[in-house]
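Novice: Got a file for you: run30.cif, mmCIF, C-alpha atoms.
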```
data_query
#
loop_
_atom_site.label_atom_id
_atom_site.label_comp_id
_atom_site.auth_asym_id
_atom_site.auth_seq_id
_atom_site.Cartn_x
_atom_site.Cartn_y
_atom_site.Cartn_z
CA ARG A 1 -89.92 -32.11 33.69
CA LYS A 2 -87.58 -30.78 36.40
CA GLU A 3 -84.58 -32.95 37.19
CA VAL A 4 -85.23 -33.02 40.94
CA GLU A 5 -88.67 -32.47 42.42
CA GLN A 6 -89.69 -32.23 46.05
CA ASP A 7 -92.90 -31.98 48.06
CA PRO A 8 -93.99 -28.36 47.66
CA GLY A 9 -94.66 -27.70 51.35
CA PRO A 10 -94.70 -25.87 53.62
CA PHE A 11 -95.10 -28.46 56.33
CA ASN A 12 -96.36 -27.12 59.66
CA VAL A 13 -96.14 -29.76 62.38
CA PRO A 14 -96.31 -29.75 66.19
CA GLU A 15 -93.28 -30.52 68.30
CA GLY A 16 -92.80 -34.25 68.68
CA ALA A 17 -94.45 -35.12 65.37
CA THR A 18 -92.98 -37.37 62.72
CA VAL A 19 -92.68 -35.82 59.28
CA ALA A 20 -91.57 -37.27 55.95
CA PHE A 21 -90.28 -35.49 52.86
CA ASN A 22 -90.20 -36.98 49.40
CA CYS A 23 -87.94 -36.29 46.45
CA THR A 24 -87.91 -37.70 42.92
CA TYR A 25 -85.19 -37.41 40.31
CA SER A 26 -85.29 -37.90 36.57
CA ASN A 27 -81.73 -38.91 35.69
CA SER A 28 -81.40 -42.66 36.10
CA ALA A 29 -77.61 -42.31 35.92
CA SER A 30 -77.57 -40.40 39.20
CA GLN A 31 -74.88 -41.72 41.45
CA SER A 32 -75.08 -40.13 44.87
CA PHE A 33 -77.73 -38.44 46.91
CA PHE A 34 -77.83 -36.03 49.81
CA TRP A 35 -80.15 -34.12 52.07
CA TYR A 36 -79.17 -30.59 53.08
CA ARG A 37 -80.91 -28.18 55.41
CA GLN A 38 -80.94 -24.46 54.85
CA ASP A 39 -81.90 -22.02 57.56
CA CYS A 40 -83.35 -18.66 56.63
CA ARG A 41 -80.69 -16.40 55.06
CA LYS A 42 -77.96 -18.97 55.62
CA GLU A 43 -75.98 -21.37 53.46
CA PRO A 44 -77.10 -24.99 52.89
CA LYS A 45 -75.52 -27.45 55.30
CA LEU A 46 -75.17 -31.17 54.71
CA LEU A 47 -77.63 -33.13 56.81
CA MET A 48 -76.85 -36.60 55.56
CA SER A 49 -75.87 -38.68 52.57
CA VAL A 50 -78.38 -41.23 51.32
CA TYR A 51 -77.26 -44.80 50.77
CA SER A 52 -78.97 -47.60 48.86
CA SER A 53 -79.42 -49.61 52.03
CA GLY A 54 -80.99 -46.65 53.84
CA ASN A 55 -79.31 -44.90 56.70
CA GLU A 56 -80.15 -43.34 60.01
CA ASP A 57 -78.60 -40.56 62.03
CA GLY A 58 -80.36 -40.06 65.33
CA ARG A 59 -83.88 -38.85 64.63
CA PHE A 60 -83.27 -38.69 60.88
CA THR A 61 -83.71 -41.58 58.45
CA ALA A 62 -83.01 -41.44 54.73
CA GLN A 63 -84.14 -43.95 52.14
CA LEU A 64 -83.28 -44.43 48.48
CA ASN A 65 -85.28 -46.37 45.92
CA ARG A 66 -83.28 -46.46 42.69
CA ALA A 67 -85.94 -48.39 40.78
CA SER A 68 -88.51 -45.67 41.44
CA GLN A 69 -85.92 -42.85 41.42
CA TYR A 70 -87.16 -41.70 44.78
CA ILE A 71 -85.52 -40.45 47.97
CA SER A 72 -87.12 -39.80 51.32
CA LEU A 73 -86.23 -38.16 54.62
CA LEU A 74 -88.03 -39.02 57.84
CA ILE A 75 -87.72 -36.85 60.93
CA ARG A 76 -88.96 -38.33 64.18
CA ASP A 77 -89.77 -36.43 67.37
CA SER A 78 -89.55 -33.04 65.64
CA LYS A 79 -87.85 -30.21 67.53
CA LEU A 80 -88.35 -26.48 67.13
CA SER A 81 -84.76 -26.35 65.87
CA ASP A 82 -85.67 -28.61 62.94
CA SER A 83 -87.52 -25.69 61.35
CA ALA A 84 -85.71 -25.04 58.07
CA THR A 85 -85.88 -25.73 54.36
CA TYR A 86 -84.77 -29.24 53.38
CA LEU A 87 -83.02 -29.62 50.04
CA CYS A 88 -82.73 -32.86 48.10
CA VAL A 89 -79.52 -33.01 46.05
CA VAL A 90 -78.59 -35.51 43.36
CA ASN A 91 -75.14 -35.97 41.90
CA PHE A 92 -74.34 -37.52 38.53
CA ASP A 93 -71.72 -37.41 35.83
CA TYR A 94 -68.98 -38.83 38.05
CA GLY A 95 -69.09 -36.12 40.64
CA GLN A 96 -69.34 -33.21 38.28
CA ASN A 97 -72.95 -32.13 38.49
CA PHE A 98 -74.99 -31.51 41.60
CA VAL A 99 -78.66 -30.85 41.00
CA PHE A 100 -80.67 -29.25 43.77
CA GLY A 101 -84.36 -29.65 44.33
CA PRO A 102 -86.41 -26.54 45.10
CA GLY A 103 -86.62 -27.43 48.79
CA THR A 104 -89.40 -28.20 51.24
CA ARG A 105 -89.96 -25.82 54.10
CA LEU A 106 -90.67 -27.24 57.57
CA SER A 107 -92.02 -25.26 60.49
CA VAL A 108 -92.16 -27.07 63.83
CA LEU A 109 -94.67 -25.37 66.09
CA PRO A 110 -94.64 -25.30 69.92
CA ASP B 1 -60.19 -25.64 60.40
CA GLY B 2 -60.73 -26.53 56.75
CA GLY B 3 -63.52 -24.73 54.99
CA ILE B 4 -64.71 -22.23 52.44
CA THR B 5 -64.47 -18.51 53.02
CA GLN B 6 -66.55 -16.01 51.11
CA SER B 7 -66.07 -12.27 51.29
CA PRO B 8 -67.47 -9.80 51.73
CA LYS B 9 -70.59 -10.84 53.61
CA TYR B 10 -72.51 -7.84 52.24
CA LEU B 11 -71.80 -5.91 49.05
CA PHE B 12 -73.43 -2.96 47.36
CA ARG B 13 -73.11 -2.24 43.67
CA LYS B 14 -73.62 1.03 41.92
CA GLU B 15 -75.20 1.07 38.49
CA GLY B 16 -72.64 0.37 35.75
CA GLN B 17 -70.11 -1.01 38.19
CA ASN B 18 -68.43 -4.42 38.17
CA VAL B 19 -67.98 -6.08 41.54
CA THR B 20 -66.00 -9.18 42.49
CA LEU B 21 -66.98 -11.73 45.11
CA SER B 22 -64.22 -13.74 46.69
CA CYS B 23 -64.26 -17.48 47.39
CA GLU B 24 -61.33 -19.32 48.94
CA GLN B 25 -61.17 -22.96 50.10
CA ASN B 26 -58.53 -24.93 51.96
CA LEU B 27 -60.20 -28.32 51.58
CA ASN B 28 -57.91 -29.31 48.69
CA HIS B 29 -60.99 -29.71 46.51
CA ASP B 30 -60.63 -29.68 42.74
CA ALA B 31 -64.19 -28.57 41.94
CA MET B 32 -65.69 -25.21 42.80
CA TYR B 33 -69.12 -23.74 42.06
CA TRP B 34 -71.03 -20.47 42.18
CA TYR B 35 -74.77 -20.35 42.81
CA ARG B 36 -77.30 -17.58 42.98
CA GLN B 37 -80.33 -17.72 45.26
CA ASP B 38 -83.21 -15.27 45.08
CA PRO B 39 -85.61 -14.86 48.03
CA GLY B 40 -87.83 -17.89 48.46
CA GLN B 41 -86.22 -19.64 45.50
CA GLY B 42 -83.85 -22.53 44.96
CA LEU B 43 -80.19 -22.47 44.01
CA ARG B 44 -79.26 -21.75 40.40
CA LEU B 45 -75.83 -22.60 39.03
CA ILE B 46 -73.84 -19.70 37.56
CA TYR B 47 -70.42 -21.23 36.81
CA TYR B 48 -68.40 -24.21 37.88
CA SER B 49 -64.81 -25.34 37.59
CA GLN B 50 -63.46 -28.87 37.81
CA ILE B 51 -59.79 -27.95 37.59
CA VAL B 52 -57.45 -24.99 37.60
CA ASN B 53 -57.59 -22.85 34.44
CA ASP B 54 -60.86 -24.42 33.32
CA PHE B 55 -64.46 -23.47 34.00
CA GLN B 56 -67.89 -24.04 32.50
CA LYS B 57 -71.07 -21.99 32.27
CA GLY B 58 -73.99 -23.04 34.38
CA ASP B 59 -77.65 -22.26 33.82
CA ILE B 60 -77.47 -18.49 34.36
CA ALA B 61 -73.95 -17.37 33.35
CA GLU B 62 -74.97 -14.25 31.44
CA GLY B 63 -73.68 -11.09 33.13
CA TYR B 64 -71.12 -12.99 35.22
CA SER B 65 -67.49 -13.96 34.77
CA VAL B 66 -65.08 -16.16 36.73
CA SER B 67 -61.44 -17.18 36.82
CA ARG B 68 -59.63 -20.17 38.29
CA GLU B 69 -55.95 -19.35 38.42
CA LYS B 70 -55.38 -21.21 41.68
CA LYS B 71 -56.92 -24.37 43.08
CA GLU B 72 -57.93 -22.56 46.25
CA SER B 73 -59.62 -19.56 44.66
CA PHE B 74 -62.66 -19.06 42.41
CA PRO B 75 -63.68 -15.38 42.30
CA LEU B 76 -66.95 -14.31 40.68
CA THR B 77 -67.34 -10.96 38.95
CA VAL B 78 -70.82 -9.54 38.62
CA THR B 79 -70.61 -7.27 35.60
CA SER B 80 -72.69 -4.26 34.69
CA ALA B 81 -74.38 -6.47 32.10
CA GLN B 82 -76.19 -8.29 34.92
CA LYS B 83 -79.21 -6.06 35.24
CA ASN B 84 -80.74 -7.72 38.27
CA PRO B 85 -77.81 -8.66 40.51
CA THR B 86 -79.57 -8.42 43.88
CA ALA B 87 -79.37 -11.93 45.35
CA PHE B 88 -77.61 -14.23 47.80
CA TYR B 89 -74.46 -15.68 46.20
CA LEU B 90 -73.12 -19.01 47.40
CA CYS B 91 -69.79 -20.60 46.62
CA ALA B 92 -69.30 -24.34 47.05
CA SER B 93 -66.56 -26.89 46.53
CA SER B 94 -66.35 -30.65 46.19
CA ILE B 95 -63.74 -33.31 45.54
CA GLY B 96 -64.80 -33.29 41.88
CA VAL B 97 -64.33 -35.61 38.95
CA ILE B 98 -60.62 -36.14 39.47
CA GLY B 99 -60.93 -37.46 43.00
CA TRP B 100 -64.38 -38.98 42.57
CA GLN B 101 -64.78 -42.28 44.35
CA GLY B 102 -68.36 -43.09 43.55
CA LYS B 103 -70.32 -41.88 46.53
CA ASP B 104 -70.66 -39.69 49.58
CA GLN B 105 -68.72 -36.72 48.32
CA PRO B 106 -71.01 -33.78 48.88
CA GLN B 107 -70.56 -30.11 48.23
CA HIS B 108 -69.47 -27.82 51.03
CA PHE B 109 -70.69 -24.24 51.07
CA GLY B 110 -69.32 -20.91 52.16
CA ASP B 111 -71.61 -18.68 54.21
CA GLY B 112 -72.53 -16.52 51.24
CA THR B 113 -72.41 -12.92 50.04
CA ARG B 114 -75.51 -10.72 49.87
CA LEU B 115 -75.34 -8.33 46.94
CA SER B 116 -77.63 -5.35 46.61
CA ILE B 117 -77.91 -2.43 44.19
CA LEU B 118 -77.40 1.08 45.52
#
```
Reformat the file's structure so that it appears as structure tokens.
Specialist:
Amino acid sequence: RKEVEQDPGPFNVPEGATVAFNCTYSNSASQSFFWYRQDCRKEPKLLMSVYSSGNEDGRFTAQLNRASQYISLLIRDSKLSDSATYLCVVNFDYGQNFVFGPGTRLSVLP
Amino acid sequence: DGGITQSPKYLFRKEGQNVTLSCEQNLNHDAMYWYRQDPGQGLRLIYYSQIVNDFQKGDIAEGYSVSREKKESFPLTVTSAQKNPTAFYLCASSIGVIGWQGKDQPQHFGDGTRLSIL
């Protein structure tokens, strides 16, 4: 079983749609969680950290369920510029190991 | 501005040649990492270092070597033993184990080096 799994995608949605991505992780000792976005042929960029209480940044909402070892990212009112691959990242071992999911590709269509 | 600088942006390797990719950070981070990404694939860890003069193999270290003589620098050498070196190479840094405070300490990435075989 892979350590971090994500929805396989791709997701093709119209502008203005709401889209949700899911991520599961296998290591129950995982300590911190992040969502990154990666544009084609570019480096990953931090989108947001994920906190136990859930957190929101504008149109983006992240949720963490430690009991189910599950993370989600919700994007509301999708923009064309949201088109990218979204990477779920889990950190454990006191900051030493970052494990990346395979990514979920999103295409927002006009 | 603080950040991570990778150079060169594009690199071509001749058969049998070793090439070195540069990674420098001024974020005062202890931990540094090298990843490889093939087209349409995820990131795979090559090597990582938590402190100067120490580094560990990642999942795909064969055919690669690194050094960590300075906190700011973590160069990656792609040796002739790496038979399929064509990929996008990404360097990252983080606060690391030493400065770890329990949460919200992500990795920061350089903008990558694209390596191709001539």
Novice: For Cys40 (chain A), find every residue with an atom within 10 Å (counting only C-alpha atoms), except residues of its own chain fewer than 5 positions away, and show them as an NGL selection string.
Specialist: (:A and (83-85)) or (:B and (39-40))
Novice: Using all atoms listed in the file, I'd like every residue of chain A that has an atom within 7 Å of chain B; please write them out as an MDAnalysis selection string.
Specialist: chainID A and resid 31:32 42:44 49 94:96 100 102:103
Novice: For Ser81 (chain A), please output as a PDB file with C-alpha atoms, in the coordinates of the input all residues within 12 Å (counting all atoms listed in the file; exclusion window: fewer than 4 positions along the same chain).
Specialist:
```
ATOM      1  CA  GLU A  15     -93.280 -30.520  68.300  1.00  0.00           C
ATOM      2  CA  GLY A  16     -92.800 -34.250  68.680  1.00  0.00           C
ATOM      3  CA  ARG A  37     -80.910 -28.180  55.410  1.00  0.00           C
ATOM      4  CA  GLN A  38     -80.940 -24.460  54.850  1.00  0.00           C
ATOM      5  CA  ASP A  39     -81.900 -22.020  57.560  1.00  0.00           C
ATOM      6  CA  ILE A  75     -87.720 -36.850  60.930  1.00  0.00           C
ATOM      7  CA  ASP A  77     -89.770 -36.430  67.370  1.00  0.00           C
ATOM      8  CA  THR A  85     -85.880 -25.730  54.360  1.00  0.00           C
ATOM      9  CA  LEU A 106     -90.670 -27.240  57.570  1.00  0.00           C
ATOM     10  CA  SER A 107     -92.020 -25.260  60.490  1.00  0.00           C
ATOM     11  CA  VAL A 108     -92.160 -27.070  63.830  1.00  0.00           C
ATOM     12  CA  LEU A 109     -94.670 -25.370  66.090  1.00  0.00           C
ATOM     13  CA  PRO A 110     -94.640 -25.300  69.920  1.00  0.00           C
TER      14      PRO A 110
END
```
Novice: With 7 Å as the threshold, what does the neighbourhood of (-65.4, -17.6, 53.7) contain in terms of residues, counting all atoms listed in the file? Coordinates are those of the file; answer as a ChimeraX atom specification.
Specialist: /B:4-7,23-24,110-111
Novice: Selection from above, C-alpha atoms, as an mmCIF file, in the coordinates of the input, can you write it?
Specialist:
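Output contents, as saved in part.cif:
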```
data_model
loop_
_atom_site.group_PDB
_atom_site.id
_atom_site.type_symbol
_atom_site.label_atom_id
_atom_site.label_comp_id
_atom_site.auth_asym_id
_atom_site.auth_seq_id
_atom_site.Cartn_x
_atom_site.Cartn_y
_atom_site.Cartn_z
ATOM 1 C CA ILE B 4 -64.710 -22.230 52.440
ATOM 2 C CA THR B 5 -64.470 -18.510 53.020
ATOM 3 C CA GLN B 6 -66.550 -16.010 51.110
ATOM 4 C CA SER B 7 -66.070 -12.270 51.290
ATOM 5 C CA CYS B 23 -64.260 -17.480 47.390
ATOM 6 C CA GLU B 24 -61.330 -19.320 48.940
ATOM 7 C CA GLY B 110 -69.320 -20.910 52.160
ATOM 8 C CA ASP B 111 -71.610 -18.680 54.210
#
```
Novice: By how many Å are CA of Phe21 (chain A) and CA of Tyr35 (chain B) apart?
Specialist: 23.9 Å
Novice: Applied to the shown file, which residues does the PyMOL selection byres ((chain A and resi 7) around 10) return, written as a list in words?
Specialist: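 With the shown file as input, the PyMOL selection byres ((chain A and resi 7) around 10) matches Glu5, Gln6, Pro8, Gly9, Pro10, Phe11, Ala20, Phe21, Asn22, Cys23, Thr24, Gly101, Pro102, Gly103, Thr104 and Arg105 of chain A.
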Novice: What is the CA of Val78 (chain B) to CA of Arg41 (chain A) distance in Å?
Specialist: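 Taking CA of Val78 (chain B) as the start and CA of Arg41 (chain A) as the end point, the length is 20.4 Å.
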Novice: Take the PyMOL selection byres ((chain B and resi 11-19) around 12), apply it to the structure above, and return the hits as a PyMOL selection string.
Specialist: chain B and resi 6-10+20-22+63-66+75-89+112-118
Novice: Kindly compute an axis-aligned box around the listed atoms of region 18-28 of chain A, allowing 4 Å on each side, and express its centre and edge lengths in Å to one decimal as AutoDock Vina command-line options.
Specialist:
```
--center_x -87.2 --center_y -39.1 --center_z 49.2 --size_x 19.6 --size_y 15.2 --size_z 35.0
```
Novice: Around the point (-88.0, -37.6, 36.6) (coordinates from the file), which residues reach within 9 Å if we count only C-alpha atoms? Answer as an NGL selection string.
Specialist: :A and (1-5 or 24-28 or 69)
Novice: How far is it from CA of Asp59 (chain B) to CA of Phe33 (chain A), in Å with one decimal?
Specialist: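 CA of Phe33 (chain A) lies 20.8 Å from CA of Asp59 (chain B).
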Novice: Exactly which residues make up the result of the PyMOL selection byres ((chain B and resi 3) around 6) on this file, given as a list in words?
Specialist: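 Given this file, the PyMOL selection byres ((chain B and resi 3) around 6) evaluates to Gly2, Ile4, Gln25, Asn26 and Leu27 of chain B.
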Novice: Taking into account all atoms listed in the file, which residue in the set A:Ala17, A:Gly54, A:Tyr70, A:Ala62 is nearest to Asp82 (chain A)?
Specialist: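 Counting all atoms listed in the file, the residue closest to Asp82 (chain A) is A:Ala17.
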